[in-house]
>>> print(open('structure-v9.cif').read())   # mmCIF, C-alpha atoms
data_start
#
loop_
_atom_site.label_atom_id
_atom_site.label_comp_id
_atom_site.auth_asym_id
_atom_site.auth_seq_id
_atom_site.Cartn_x
_atom_site.Cartn_y
_atom_site.Cartn_z
CA GLN A 1 0.00 0.00 0.00
CA LYS A 2 1.30 3.43 -0.95
CA GLU A 3 1.73 6.03 1.78
CA VAL A 4 -0.41 8.47 -0.21
CA GLU A 5 -3.27 7.43 -2.47
CA GLN A 6 -4.76 9.72 -5.08
CA ASP A 7 -7.19 8.93 -7.88
CA PRO A 8 -5.33 9.63 -11.14
CA GLY A 9 -8.51 10.58 -13.01
CA PRO A 10 -8.80 12.04 -15.57
CA LEU A 11 -11.57 14.24 -14.25
CA SER A 12 -13.50 16.21 -16.86
CA VAL A 13 -15.89 18.98 -15.79
CA PRO A 14 -17.68 21.90 -17.46
CA GLU A 15 -16.58 25.45 -16.83
CA GLY A 16 -18.10 26.85 -13.64
CA ALA A 17 -18.35 23.50 -11.89
CA ILE A 18 -17.13 22.82 -8.35
CA VAL A 19 -14.24 20.37 -8.41
CA SER A 20 -13.35 18.09 -5.52
CA LEU A 21 -9.93 16.44 -5.39
CA ASN A 22 -8.94 14.04 -2.64
CA CYS A 23 -6.07 12.09 -1.15
CA THR A 24 -5.81 9.55 1.62
CA TYR A 25 -2.69 8.71 3.54
CA SER A 26 -1.46 6.16 6.04
CA ASN A 27 1.37 7.84 7.95
CA SER A 28 0.09 9.57 11.10
CA ALA A 29 3.41 11.48 11.38
CA PHE A 30 2.46 13.74 8.48
CA GLN A 31 1.90 17.29 9.72
CA TYR A 32 2.18 19.50 6.65
CA PHE A 33 -0.16 19.10 3.71
CA MET A 34 0.14 20.72 0.33
CA TRP A 35 -1.54 20.87 -3.03
CA TYR A 36 0.56 21.55 -6.08
CA ARG A 37 -0.62 22.29 -9.59
CA GLN A 38 1.45 21.06 -12.49
CA TYR A 39 0.95 22.06 -16.07
CA SER A 40 2.22 19.79 -18.82
CA ARG A 41 6.02 19.61 -18.90
CA LYS A 42 6.39 22.15 -16.09
CA GLY A 43 7.44 21.92 -12.46
CA PRO A 44 4.86 21.72 -9.65
CA GLU A 45 3.53 25.07 -8.41
CA LEU A 46 2.34 25.39 -4.82
CA LEU A 47 -1.38 26.14 -4.55
CA MET A 48 -2.32 25.54 -0.95
CA TYR A 49 -0.46 24.73 2.23
CA THR A 50 -1.99 23.59 5.51
CA TYR A 51 -0.49 22.66 8.82
CA SER A 52 -2.33 19.94 10.78
CA SER A 53 -6.14 19.66 10.60
CA GLY A 54 -8.53 22.33 9.45
CA ASN A 55 -9.63 24.37 6.47
CA LYS A 56 -7.86 27.03 4.48
CA GLU A 57 -9.35 29.20 1.78
CA ASP A 58 -7.60 31.23 -0.90
CA GLY A 59 -9.80 32.75 -3.56
CA ARG A 60 -11.55 29.97 -5.46
CA PHE A 61 -9.52 27.27 -3.68
CA THR A 62 -10.28 25.60 -0.34
CA ALA A 63 -8.07 22.98 1.25
CA GLN A 64 -9.34 20.69 4.00
CA VAL A 65 -7.36 18.34 6.21
CA ASP A 66 -8.94 15.70 8.43
CA LYS A 67 -6.11 14.02 10.31
CA SER A 68 -8.46 11.73 12.22
CA SER A 69 -9.56 10.19 8.91
CA LYS A 70 -6.19 10.69 7.20
CA TYR A 71 -7.98 12.45 4.36
CA ILE A 72 -7.28 15.73 2.57
CA SER A 73 -9.29 17.57 -0.03
CA LEU A 74 -8.98 20.45 -2.43
CA PHE A 75 -12.08 22.22 -3.70
CA ILE A 76 -12.05 24.50 -6.71
CA ARG A 77 -15.06 26.76 -7.12
CA ASP A 78 -16.15 28.29 -10.42
CA SER A 79 -13.62 26.18 -12.32
CA GLN A 80 -12.03 27.72 -15.40
CA PRO A 81 -10.40 26.16 -18.48
CA SER A 82 -7.11 27.60 -17.18
CA ASP A 83 -7.47 25.28 -14.17
CA SER A 84 -6.86 22.33 -16.50
CA ALA A 85 -3.73 20.71 -15.11
CA THR A 86 -2.54 17.86 -12.92
CA TYR A 87 -3.14 18.39 -9.20
CA LEU A 88 -0.70 16.73 -6.83
CA CYS A 89 -1.27 16.30 -3.14
CA ALA A 90 1.88 16.19 -1.03
CA MET A 91 2.63 15.81 2.64
CA ARG A 92 5.49 15.48 5.08
CA GLY A 93 6.48 15.25 8.69
CA ASN A 94 9.15 17.50 10.16
CA THR A 95 11.69 16.79 7.43
CA ASP A 96 12.06 17.97 3.88
CA LYS A 97 10.95 14.69 2.36
CA LEU A 98 7.67 15.29 0.57
CA ILE A 99 5.52 12.29 -0.25
CA PHE A 100 3.38 12.91 -3.30
CA GLY A 101 0.25 11.31 -4.64
CA THR A 102 0.23 10.20 -8.26
CA GLY A 103 -1.66 13.34 -9.28
CA THR A 104 -5.18 13.83 -10.64
CA ARG A 105 -5.49 15.12 -14.18
CA LEU A 106 -8.26 17.74 -14.41
CA GLN A 107 -9.81 18.96 -17.65
CA VAL A 108 -12.22 21.91 -17.53
CA PHE A 109 -14.05 22.34 -20.82
CA PRO A 110 -15.74 25.60 -21.92
CA ASP B 1 12.93 37.74 -8.08
CA ALA B 2 14.39 34.61 -9.66
CA GLY B 3 12.86 31.29 -8.71
CA VAL B 4 14.61 27.95 -8.65
CA THR B 5 16.57 27.59 -11.88
CA GLN B 6 17.63 24.28 -13.40
CA SER B 7 19.84 23.36 -16.32
CA PRO B 8 19.76 21.89 -18.82
CA THR B 9 16.03 21.93 -19.52
CA HIS B 10 16.17 18.94 -21.85
CA LEU B 11 18.82 16.38 -22.63
CA ILE B 12 19.14 13.04 -24.37
CA LYS B 13 21.64 10.40 -23.31
CA THR B 14 22.28 6.78 -24.19
CA ARG B 15 22.39 3.84 -21.81
CA GLY B 16 25.59 3.62 -19.79
CA GLN B 17 26.38 7.32 -20.04
CA HIS B 18 26.67 9.75 -17.17
CA VAL B 19 24.63 12.93 -16.61
CA THR B 20 25.02 16.02 -14.41
CA LEU B 21 22.03 18.21 -13.65
CA ARG B 22 22.37 21.61 -12.03
CA CYS B 23 20.19 23.67 -9.75
CA SER B 24 20.35 27.21 -8.37
CA PRO B 25 18.03 27.76 -5.40
CA ILE B 26 16.09 30.90 -4.60
CA SER B 27 18.36 33.52 -3.08
CA GLY B 28 18.54 32.97 0.68
CA HIS B 29 17.38 29.36 0.50
CA LYS B 30 19.89 27.00 2.07
CA SER B 31 18.10 23.70 1.58
CA VAL B 32 17.96 21.97 -1.80
CA SER B 33 16.09 18.77 -2.60
CA TRP B 34 15.98 16.62 -5.71
CA TYR B 35 12.99 14.67 -6.96
CA GLN B 36 12.45 12.29 -9.87
CA GLN B 37 9.11 12.36 -11.66
CA VAL B 38 8.41 9.54 -14.08
CA LEU B 39 5.65 10.22 -16.60
CA GLY B 40 2.22 9.73 -15.06
CA GLN B 41 3.53 9.58 -11.49
CA GLY B 42 4.07 11.98 -8.65
CA PRO B 43 7.61 13.17 -7.85
CA GLN B 44 9.76 10.84 -5.75
CA PHE B 45 12.32 12.12 -3.26
CA ILE B 46 15.97 11.47 -4.16
CA PHE B 47 18.11 13.72 -1.92
CA GLN B 48 18.05 16.67 0.41
CA TYR B 49 21.05 18.88 1.13
CA TYR B 50 21.33 21.59 3.71
CA GLU B 51 24.43 23.68 4.32
CA LYS B 52 26.38 21.32 2.01
CA GLU B 53 25.51 18.25 4.06
CA GLU B 54 23.25 15.41 2.98
CA ARG B 55 20.18 15.43 5.21
CA GLY B 56 18.12 12.77 3.51
CA ARG B 57 18.26 10.13 0.81
CA GLY B 58 15.40 8.35 -0.90
CA ASN B 59 15.25 4.79 -2.16
CA PHE B 60 17.54 5.24 -5.15
CA PRO B 61 20.64 3.22 -6.13
CA ASP B 62 24.19 4.41 -5.56
CA ARG B 63 24.37 5.45 -9.21
CA PHE B 64 22.63 8.59 -8.00
CA SER B 65 24.73 11.13 -6.13
CA ALA B 66 24.54 14.82 -5.39
CA ARG B 67 26.38 17.64 -3.76
CA GLN B 68 25.78 21.19 -2.63
CA PHE B 69 28.23 24.02 -3.09
CA PRO B 70 29.10 26.93 -0.76
CA ASN B 71 26.74 29.21 -2.72
CA TYR B 72 23.96 26.63 -2.03
CA SER B 73 23.65 25.57 -5.67
CA SER B 74 23.54 21.85 -6.25
CA GLU B 75 24.37 19.12 -8.75
CA LEU B 76 22.70 15.76 -9.25
CA ASN B 77 24.82 13.10 -10.91
CA VAL B 78 23.58 9.85 -12.35
CA ASN B 79 26.05 7.21 -13.56
CA ALA B 80 25.54 4.20 -15.82
CA LEU B 81 22.22 5.48 -17.11
CA LEU B 82 19.37 3.03 -17.61
CA LEU B 83 16.28 3.41 -19.77
CA GLY B 84 14.25 3.65 -16.55
CA ASP B 85 16.12 6.81 -15.54
CA SER B 86 14.17 8.72 -18.19
CA ALA B 87 12.17 11.25 -16.18
CA LEU B 88 11.71 14.86 -15.20
CA TYR B 89 14.26 15.73 -12.51
CA LEU B 90 13.03 18.43 -10.21
CA CYS B 91 15.01 20.59 -7.85
CA ALA B 92 13.30 22.36 -4.97
CA SER B 93 14.57 24.80 -2.39
CA ARG B 94 13.48 26.32 0.89
CA VAL B 95 14.92 28.47 3.59
CA GLU B 96 15.63 25.91 6.28
CA SER B 97 15.79 22.14 6.41
CA SER B 98 12.69 21.64 8.51
CA GLY B 99 9.79 23.54 9.98
CA ALA B 100 6.84 25.22 8.34
CA ASN B 101 8.38 26.87 5.31
CA VAL B 102 7.46 25.36 1.96
CA LEU B 103 9.35 23.88 -0.95
CA THR B 104 9.48 25.82 -4.20
CA PHE B 105 10.16 23.76 -7.30
CA GLY B 106 12.03 24.57 -10.46
CA ALA B 107 10.75 23.73 -13.94
CA GLY B 108 12.87 20.59 -14.07
CA SER B 109 15.38 18.92 -16.36
CA ARG B 110 13.81 16.39 -18.70
CA LEU B 111 16.15 13.47 -19.26
CA THR B 112 15.58 10.95 -22.03
CA VAL B 113 17.74 7.82 -22.04
CA LEU B 114 17.86 5.91 -25.33
#
>>> encode(input="structure-v9.cif", output="C-alpha cells")
Amino acid sequence: QKEVEQDPGPLSVPEGAIVSLNCTYSNSAFQYFMWYRQYSRKGPELLMYTYSSGNKEDGRFTAQVDKSSKYISLFIRDSQPSDSATYLCAMRGNTDKLIFGTGTRLQVFP
Amino acid sequence: DAGVTQSPTHLIKTRGQHVTLRCSPISGHKSVSWYQQVLGQGPQFIFQYYEKEERGRGNFPDRFSARQFPNYSSELNVNALLLGDSALYLCASRVESSGANVLTFGAGSRLTVL
C-alpha cells in the first residue's frame, strides 16, 4: 500500500463546476499538507499549504485536512479552463521529504 | 525575483552514459532537494542537502549522487544510465531544512535515455 493514495482521473468537468480532489494517507506522522498544480512539462507550483487539521481558503480554492480520517481535499469553485492541469497532493512530517500522490489530471471544458 | 533555476532543460543520453544536472536555489534558501518524476507519477524524493551536508536520501541506487556548493547551488549526478532513468528531474529549495516553510520547485530537467 502506498503512503499516499490519489485517484489519477482524468476528471473532466464543465466550466463553472465545483471540483473536488482528494487524497488519503497512512502515515500519522504527516503534519504539513500541500496541493501543487502542475501544467504539462512544467514543475509543480504550490497552490495551498496547511499545517495539521482544518480548512484554508484562498480565492476559489479551499483545502481541507482531516487528520483523524487521514484524508485531505482540495475544492475548486467556479472552475475555469485555465485550471486544467494535474493536481498533486503532497505531505510530510518535520523533514524535507515530501511524499506525493500520483496526481489527478483535471480537464475543464468551456 | 528569480525562482529555482535548473539546467539543462532537456537532454538526451544513451544507456551507460553519465549525466550532471544543475540547480540554483532561490536567493537565501539553504536547503535543496531533488525529486524524480516519471511520466504519469508523482515526484519521488531522491536527496536533500542543507548547508552542504546530505540530510536525507530516498530509495535510489548508488548510481545517483549529489552535492551542494558553498553558494547553495547543487548538482545531481547519475552514472551508468538506464532506460528507466528517463524522467523529469526536479530541484526544490526552501529556507531551512525543517519547519513550516514550503518547498518551491524549479521547472525541471527532462532526461531521455535511449
>>> residues_around(input="structure-v9.cif", residues="segment 50-61 of chain B", least_positions_apart="4", cutoff="12 Å", atoms="all atoms listed in the file", output="ChimeraX atom specification")
/A:95-99 /B:25,28-36,43-46,65-75,77-82,84-85,92-98
>>> atom_distance(input="structure-v9.cif", atom1="atom CA of Phe47 of chain B", atom2="atom CA of Leu47 of chain A")
23.3 Å
>>> closest_atom_pairs(input="structure-v9.cif", of="chain A", to="chain B", cutoff="6 Å", atoms="all atoms listed in the file", output="JSON lines")
{"residue": "A:Lys42", "atom": "CA", "partner": "B:Ala107", "partner_atom": "CA", "distance": 5.1}
{"residue": "A:Gly43", "atom": "CA", "partner": "B:Ala107", "partner_atom": "CA", "distance": 4.1}
{"residue": "A:Asn94", "atom": "CA", "partner": "B:Ser98", "partner_atom": "CA", "distance": 5.7}
{"residue": "A:Thr95", "atom": "CA", "partner": "B:Ser98", "partner_atom": "CA", "distance": 5.1}
{"residue": "A:Asp96", "atom": "CA", "partner": "B:Ser98", "partner_atom": "CA", "distance": 5.9}
{"residue": "A:Phe100", "atom": "CA", "partner": "B:Gly42", "partner_atom": "CA", "distance": 5.5}
{"residue": "A:Gly101", "atom": "CA", "partner": "B:Gly42", "partner_atom": "CA", "distance": 5.6}
{"residue": "A:Thr102", "atom": "CA", "partner": "B:Gly42", "partner_atom": "CA", "distance": 4.3}
{"residue": "A:Gly103", "atom": "CA", "partner": "B:Gly42", "partner_atom": "CA", "distance": 5.9}
>>> resolve_selection(input="structure-v9.cif", expression="the PyMOL selection byres ((chain A and resi 82) around 10)", output="VMD selection string")
chain A and resid 15 39 79 to 81 83 to 85 107 to 109
>>> resolve_selection(input="structure-v9.cif", expression="the PyMOL selection byres ((chain A and resi 29) around 12)", output="ChimeraX atom specification")
/A:3,25-28,30-33,52,67-68,70,91-95,99
>>> residues_around(input="structure-v9.cif", residues="Asp7 of chain A", least_positions_apart="3", cutoff="10 Å", atoms="only C-alpha atoms", output="VMD selection string")
chain A and resid 10 to 11 21 to 24 101 to 105
>>> atom_distance(input="structure-v9.cif", atom1="atom CA of Arg60 of chain A", atom2="atom CA of Ala2 of chain B")
26.7 Å
>>> atom_distance(input="structure-v9.cif", atom1="atom CA of Tyr49 of chain A", atom2="atom CA of Glu5 of chain A")
18.1 Å
>>> resolve_selection(input="structure-v9.cif", expression="the PyMOL selection byres ((chain A and resi 53) around 8)", output="MDAnalysis selection string")
chainID A and resid 50:52 54:55 64:67
>>> write_last_selection(input="structure-v9.cif", atoms="C-alpha atoms", output="mmCIF file, in the frame of the given file")
data_model
loop_
_atom_site.group_PDB
_atom_site.id
_atom_site.type_symbol
_atom_site.label_atom_id
_atom_site.label_comp_id
_atom_site.auth_asym_id
_atom_site.auth_seq_id
_atom_site.Cartn_x
_atom_site.Cartn_y
_atom_site.Cartn_z
ATOM 1 C CA THR A 50 -1.990 23.590 5.510
ATOM 2 C CA TYR A 51 -0.490 22.660 8.820
ATOM 3 C CA SER A 52 -2.330 19.940 10.780
ATOM 4 C CA GLY A 54 -8.530 22.330 9.450
ATOM 5 C CA ASN A 55 -9.630 24.370 6.470
ATOM 6 C CA GLN A 64 -9.340 20.690 4.000
ATOM 7 C CA VAL A 65 -7.360 18.340 6.210
ATOM 8 C CA ASP A 66 -8.940 15.700 8.430
ATOM 9 C CA LYS A 67 -6.110 14.020 10.310
#
>>> residues_around(input="structure-v9.cif", residues="Leu74 of chain A", least_positions_apart="5", cutoff="6 Å", atoms="all atoms listed in the file", output="PDB file with C-alpha atoms, in the coordinates of the input")
ATOM      1  CA  SER A  20     -13.350  18.090  -5.520  1.00  0.00           C
ATOM      2  CA  LEU A  21      -9.930  16.440  -5.390  1.00  0.00           C
ATOM      3  CA  THR A  62     -10.280  25.600  -0.340  1.00  0.00           C
ATOM      4  CA  ALA A  63      -8.070  22.980   1.250  1.00  0.00           C
TER       5      ALA A  63
END
>>> closest_residue(input="structure-v9.cif", among="A:Leu106, A:Val19, A:Lys2, A:Ala90", to="Phe75 of chain A", atoms="only C-alpha atoms")
A:Val19
>>> closest_residue(input="structure-v9.cif", among="A:Glu57, A:Ser12, A:Cys89, A:Pro110", to="Arg37 of chain A", atoms="all atoms listed in the file")
A:Cys89
>>> residues_around(input="structure-v9.cif", residues="Asp78 of chain A", least_positions_apart="5", cutoff="7 Å", atoms="only C-alpha atoms", output="NGL selection string")
:A and (16-18 or 60)
